[in-house]
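These notes are about the structure you will find just below.
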There are 2 protein chains.
Amino acid sequence: MLDRKENTAFFHETLSFWKDLTQPQKNMLLQSMVKKNFVTGESMRSGSDNCSGLFLLQSGQVRAYIVSESGKEITLYRLFERDVCIFSASCMMKNIAFDIFVEVEKETQAYLIPISTFSKLSKEALSVQAFTNELMASRFTEVIWIMEQALFMSFDKRLALFLIEQSNIEESNSLEITHEKIANHLGTAREVVTRMLKYFQNESMVSLNRGAIEILNRKKLEQLTL
Amino acid sequence: MLDRKENTAFFHETLSFWKDLTQPQKNMLLQSMVKKNFVTGESMRSGSDNCSGLFLLQSGQVRAYIVSESGKEITLYRLFERDVCIFSASCMMKNIAFDIFVEVEKETQAYLIPISTFSKLSKEALSVQAFTNELMASRFTEVIWIMEQALFMSFDKRLALFLIEQSNIEESNSLEITHEKIANHLGTAREVVTRMLKYFQNESMVSLNRGAIEILNRKKLEQLTL
């Protein structure tokens with residue numbers, strides 16, 4: 001059970017249905033929630049065999065991705081502080097028939113709302129169902145955006161977008177990320193990433209060092225994405 | 001207003017929330033529903049500016065697709081008799097921020113549940129929210145499947161899968177469809193489709209005629225998809 005005072009403000013802000021719950025429902029939620037810590041690289045969920053419940057991120061960063069039969073990956077979306085990981089509760093949702101994997105990118109602290117609790121609340125409260133709907137709609141929107149990028153956008157644009165996004169997340173122009181990891185984010189092969197990064201380097205947009213990419217000309221990169 | 005006797009059985013079968021509605025709610029639904037006819041090629045919905053409500057297909061066939069800035073298309077899913085088109089009500093759903101287009105492939109008869117009615121019911125009935133959740137989860141699953149195909153599957157496999165699916169829908173081995181239309185379904189260029197179809201013809205899997213594709217060796221096509 002959680003320390004109430006510490007947390008209710010946080011839940012009020014992040015769970016849109018919190019204010020609509022009755023006091024007994026709030027108590028049930030608080031009593032069943034568990035705080036979990038994840039280290040970088042850890043899996044928060046792997047495939048459909050793992051259905052622990054909803055994770056509410058208090059701090060950290062995770063990425064959700066799909067994997068092909070041959071092991072190719074593509075990132076669907078990333079979650080940060082105050083985001084809710086819904087597909088770790090997908091067994092509860094009828095008609096979800098795909099596997100989304102979730103990997104911890106930065107040490108993460110999260111509250112777990114166990115599947116039994118969330119399932120019970122969903123049957124009792126309209127606002128909980130509405131919350132699930134809104135969350136699913138957000139993720140759907142992100143996935144469609146990634147799909148449009150992957151299908152309709154040239155790879156130089158996609159890579160430039162990724163580097164800018166990554167630099168925003170890290171709040172730095174120096175990105176410590178391997179070409180392999182970028183390939184896994186973008187659903188392509190490492191060689192394709194390396195080739196394009198070398199082209200960016202020839203154009204003086206980035207400089208490549210061992211295990212790091214330095215953004216030299218952010219403006220030129222941004223122009224590429226227009 | 002609809003003729004009750006004719007339709008309640010159909011709604012009972014297709015709308016999972018029907019049995020949970022009160023009699024006044026059922027009456028409201030019946031009174032506001034409108035029957036619509038669409039001809040082949042007609043748009044059921046184009047982009048976000050069009051938000052009429054939920055369409056419940058009584059007969060016919062439609063396809064939902066996205067379009068790139070340059071006009072490239074890819075089919076996300078198809079709907080048939082008894083399916084419900086949910087993205088024609090997306091303005092009602094918070095956090096949906098993408099445009100799905102819906103095109104009528106075969107003359108379609110559909111009931112329209114106007115947005116105002118569906119919105120009112122969603123606020124009153126938990127089972128209506130659950131219905132939306134399940135519908136969105138189904139479409140999400142289909143979109144992830146298409147994304148996996150488009151990103152991770154070789155084009156010969158994808159085209160073979162499409163021809164087999166199309167032949168199942170048409171219940172015929174003779175498909176009257178242009179290479180252009182297939183390209184729009186699969187998110188690629190016409191030339192790519194033509195090239196692969198010619199390869200299939202050389203391998204005696206299909207024969208190509210003016211405006212039609214004849215499947216000659218279904219088994220061989222199916223083996224390609226494994």
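Naming scheme: A, B, ... for chains in displayed order of the structure tokens; residues 1 onward per chain; ligands 1 onward as shown.
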Could the residues of chain A that have an atom at most 8 Å from chain B be listed as a tab-separated table, each with its closest atom pair and the distance in Å to one decimal, counting only C-alpha atoms and ordered by chain and ascending residue number?
residue	atom	partner	partner_atom	distance
A:Ser68	CA	B:Phe152	CA	6.2
A:Lys72	CA	B:Phe152	CA	7.4
A:Met93	CA	B:Glu134	CA	7.0
A:Lys94	CA	B:Glu134	CA	5.7
A:Asn95	CA	B:Ser138	CA	5.0
A:Ile96	CA	B:Ala137	CA	5.3
A:Ala97	CA	B:Thr141	CA	5.8
A:Phe98	CA	B:Thr141	CA	6.1
A:Lys123	CA	B:Leu126	CA	7.7
A:Ala125	CA	B:Leu126	CA	7.3
A:Leu126	CA	B:Leu126	CA	5.1
A:Gln129	CA	B:Gln129	CA	6.0
A:Ala130	CA	B:Gln129	CA	6.5
A:Thr132	CA	B:Asn133	CA	7.3
A:Asn133	CA	B:Asn133	CA	5.6
A:Glu134	CA	B:Lys94	CA	5.7
A:Leu135	CA	B:Asn95	CA	7.7
A:Met136	CA	B:Met136	CA	7.6
A:Ala137	CA	B:Ile96	CA	5.3
A:Ser138	CA	B:Asn95	CA	5.0
A:Phe140	CA	B:Phe140	CA	6.5
A:Thr141	CA	B:Ala97	CA	5.8
A:Ile144	CA	B:Phe98	CA	7.4
A:Trp145	CA	B:Phe98	CA	7.8
A:Met147	CA	B:Met147	CA	6.5
A:Glu148	CA	B:Ser68	CA	7.0
A:Ala150	CA	B:Leu151	CA	7.6
A:Leu151	CA	B:Gly187	CA	7.3
A:Phe152	CA	B:Ser68	CA	6.2
A:Gly187	CA	B:Leu151	CA	7.3
With only C-alpha atoms as the counted atoms, please give the residues lying no more than 12 Å from Phe101 (chain A), apart from itself and same-chain residues fewer than 6 positions off, as a short mmCIF file (atom, residue, chain, number, x, y, z; two decimals) with C-alpha atoms, in the first residue's frame.
data_model
loop_
_atom_site.label_atom_id
_atom_site.label_comp_id
_atom_site.auth_asym_id
_atom_site.auth_seq_id
_atom_site.Cartn_x
_atom_site.Cartn_y
_atom_site.Cartn_z
CA GLU A 42 15.07 -4.00 -18.71
CA SER A 43 11.86 -5.22 -20.34
CA MET A 44 8.68 -3.83 -18.86
CA ARG A 45 6.66 -6.24 -20.86
CA SER A 46 7.48 -8.83 -23.44
CA GLY A 47 4.77 -10.01 -25.74
CA SER A 48 1.32 -11.22 -24.85
CA ASP A 49 2.42 -13.61 -22.12
CA ASN A 50 2.99 -10.71 -19.76
CA CYS A 51 -0.06 -8.84 -18.57
CA VAL A 62 10.62 3.71 -22.07
CA ARG A 63 10.03 2.79 -25.67
CA ALA A 64 7.28 0.61 -27.13
CA TYR A 65 8.15 -1.36 -30.25
CA ILE A 66 7.19 -4.28 -32.44
CA VAL A 67 9.49 -7.04 -33.68
CA SER A 68 9.41 -8.92 -36.96
CA GLU A 73 12.41 -3.77 -34.69
CA ILE A 74 10.61 -0.46 -35.05
CA THR A 75 9.75 1.98 -32.26
CA LEU A 76 6.06 2.87 -32.12
CA TYR A 77 6.21 5.47 -29.39
CA ARG A 78 8.07 6.52 -26.27
CA CYS A 85 1.62 2.33 -20.48
CA ILE A 86 -1.64 0.71 -21.57
CA PHE A 87 -0.50 -2.28 -23.58
CA SER A 88 0.84 -3.93 -20.46
CA SER A 90 -3.83 -5.62 -23.18
#
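For the atom pair formed by CA of Leu175 (chain A) and CA of Leu57 (chain A), the distance is 23.6 Å, given to one decimal.
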If you run DSSP on this backbone, which residues of region 3-145 of chain B come out as helix (DSSP H, G or I), and could you give them as a PyMOL selection string?
chain B and resi 4-14+18-20+23-32+87-92+115-124+126-145
What parts of chain A does DSSP call strand (DSSP E or B)? I'd like the answer as a PyMOL selection string.
chain A and resi 34-38+43-45+53-67+73-80+84-85+101-114+174-175+206-209+212-215
Of the candidates A:Gln23, A:Met205, A:Leu216, A:Met196, which shows the shortest atom-to-atom distance to Ser154 (chain A), using only C-alpha atoms?
A:Met196
If you count only C-alpha atoms, which residues fall within 12 Å of Glu170 (chain B), apart from same-chain ones fewer than 6 positions away, as a count of residues only?
8
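Atom pair CA of Leu186 (chain B) / CA of Phe55 (chain B): separated by 24.6 Å.
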Any idea what's packed within 12 Å of Lys220 (chain A), counting only C-alpha atoms, ignoring anything in its chain fewer than 4 positions away? Could you give it as a list in words?
Lys157, Ala160, Leu161, Ile164, Phe200, Gln201, Glu203, Ser204, Met205, Val206, Ile215, Leu216, Leu224, Thr225 and Leu226 of chain A
Suppose we keep all heavy atoms; can you now write the selection as a short mmCIF file (atom, residue, chain, number, x, y, z; two decimals), in the first residue's frame?
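Final file, again-v6.cif:
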data_model
loop_
_atom_site.label_atom_id
_atom_site.label_comp_id
_atom_site.auth_asym_id
_atom_site.auth_seq_id
_atom_site.Cartn_x
_atom_site.Cartn_y
_atom_site.Cartn_z
N LYS A 157 15.03 12.24 -44.35
CA LYS A 157 14.09 13.00 -43.51
C LYS A 157 13.86 12.30 -42.17
O LYS A 157 13.89 12.92 -41.11
CB LYS A 157 12.73 13.10 -44.20
CG LYS A 157 12.56 14.29 -45.12
CD LYS A 157 11.07 14.45 -45.44
CE LYS A 157 10.85 15.61 -46.38
NZ LYS A 157 9.43 15.98 -46.49
N ALA A 160 16.88 12.52 -39.92
CA ALA A 160 17.04 13.89 -39.41
C ALA A 160 16.03 14.16 -38.30
O ALA A 160 16.37 14.68 -37.24
CB ALA A 160 16.88 14.89 -40.55
N LEU A 161 14.77 13.75 -38.52
CA LEU A 161 13.72 13.91 -37.50
C LEU A 161 14.10 13.19 -36.21
O LEU A 161 13.95 13.72 -35.11
CB LEU A 161 12.40 13.32 -37.99
CG LEU A 161 11.40 14.24 -38.67
CD1 LEU A 161 10.19 13.44 -39.14
CD2 LEU A 161 10.95 15.36 -37.74
N ILE A 164 16.89 15.00 -34.27
CA ILE A 164 16.39 16.21 -33.61
C ILE A 164 15.56 15.85 -32.38
O ILE A 164 15.72 16.42 -31.30
CB ILE A 164 15.56 17.06 -34.61
CG1 ILE A 164 16.49 17.64 -35.68
CG2 ILE A 164 14.81 18.17 -33.89
CD1 ILE A 164 15.77 18.21 -36.89
N PHE A 200 25.41 12.65 -43.91
CA PHE A 200 25.18 13.83 -43.06
C PHE A 200 26.52 14.44 -42.63
O PHE A 200 26.65 15.66 -42.54
CB PHE A 200 24.37 13.46 -41.80
CG PHE A 200 22.90 13.23 -42.03
CD1 PHE A 200 22.34 13.31 -43.31
CD2 PHE A 200 22.04 12.94 -40.96
CE1 PHE A 200 20.97 13.10 -43.52
CE2 PHE A 200 20.68 12.74 -41.16
CZ PHE A 200 20.15 12.81 -42.44
N GLN A 201 27.50 13.57 -42.36
CA GLN A 201 28.82 14.05 -41.93
C GLN A 201 29.52 14.80 -43.08
O GLN A 201 30.08 15.88 -42.87
CB GLN A 201 29.69 12.88 -41.46
CG GLN A 201 31.07 13.31 -40.96
CD GLN A 201 31.80 12.19 -40.21
OE1 GLN A 201 32.02 12.27 -39.01
NE2 GLN A 201 32.15 11.14 -40.94
N GLU A 203 28.13 16.39 -45.33
CA GLU A 203 27.43 17.66 -45.50
C GLU A 203 27.58 18.57 -44.28
O GLU A 203 26.86 19.57 -44.14
CB GLU A 203 25.93 17.40 -45.75
CG GLU A 203 25.63 16.63 -47.03
CD GLU A 203 25.83 17.47 -48.28
OE1 GLU A 203 25.33 18.61 -48.31
OE2 GLU A 203 26.51 16.99 -49.21
N SER A 204 28.48 18.17 -43.36
CA SER A 204 28.79 18.95 -42.15
C SER A 204 27.60 19.17 -41.21
O SER A 204 27.56 20.14 -40.47
CB SER A 204 29.38 20.32 -42.52
OG SER A 204 30.49 20.16 -43.37
N MET A 205 26.62 18.28 -41.26
CA MET A 205 25.48 18.39 -40.34
C MET A 205 25.79 17.73 -39.01
O MET A 205 25.32 18.18 -37.97
CB MET A 205 24.24 17.79 -40.98
CG MET A 205 23.74 18.59 -42.17
SD MET A 205 22.16 18.00 -42.82
CE MET A 205 22.71 16.81 -44.02
N VAL A 206 26.55 16.62 -39.05
CA VAL A 206 26.92 15.92 -37.82
C VAL A 206 28.39 15.55 -37.88
O VAL A 206 29.01 15.60 -38.96
CB VAL A 206 26.10 14.60 -37.62
CG1 VAL A 206 24.60 14.87 -37.64
CG2 VAL A 206 26.46 13.57 -38.69
N ILE A 215 25.68 16.71 -33.15
CA ILE A 215 24.96 17.54 -34.12
C ILE A 215 25.70 18.87 -34.28
O ILE A 215 25.86 19.62 -33.32
CB ILE A 215 23.50 17.78 -33.67
CG1 ILE A 215 22.75 16.45 -33.63
CG2 ILE A 215 22.79 18.75 -34.62
CD1 ILE A 215 21.31 16.54 -33.18
N LEU A 216 26.18 19.15 -35.50
CA LEU A 216 26.96 20.36 -35.75
C LEU A 216 26.09 21.48 -36.32
O LEU A 216 26.28 22.64 -36.00
CB LEU A 216 28.09 20.07 -36.75
CG LEU A 216 29.11 19.02 -36.33
CD1 LEU A 216 30.13 18.79 -37.44
CD2 LEU A 216 29.81 19.43 -35.03
N LEU A 224 16.06 19.76 -43.64
CA LEU A 224 15.90 18.48 -44.32
C LEU A 224 14.53 17.86 -44.03
O LEU A 224 13.97 17.13 -44.85
CB LEU A 224 17.00 17.53 -43.82
CG LEU A 224 17.45 16.41 -44.73
CD1 LEU A 224 18.00 16.97 -46.03
CD2 LEU A 224 18.54 15.60 -44.03
N THR A 225 13.98 18.15 -42.85
CA THR A 225 12.72 17.51 -42.43
C THR A 225 11.48 18.24 -42.98
O THR A 225 10.36 17.77 -42.80
CB THR A 225 12.58 17.47 -40.89
OG1 THR A 225 12.41 18.81 -40.42
CG2 THR A 225 13.81 16.88 -40.25
N LEU A 226 11.68 19.38 -43.61
CA LEU A 226 10.52 20.17 -44.08
C LEU A 226 9.91 19.60 -45.36
O LEU A 226 10.57 18.96 -46.13
CB LEU A 226 10.94 21.63 -44.30
CG LEU A 226 11.46 22.34 -43.07
CD1 LEU A 226 11.84 23.77 -43.40
CD2 LEU A 226 10.43 22.32 -41.94
#
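Put simply, CA of Phe17 (chain A) is 29.0 Å away from CA of Thr14 (chain B).
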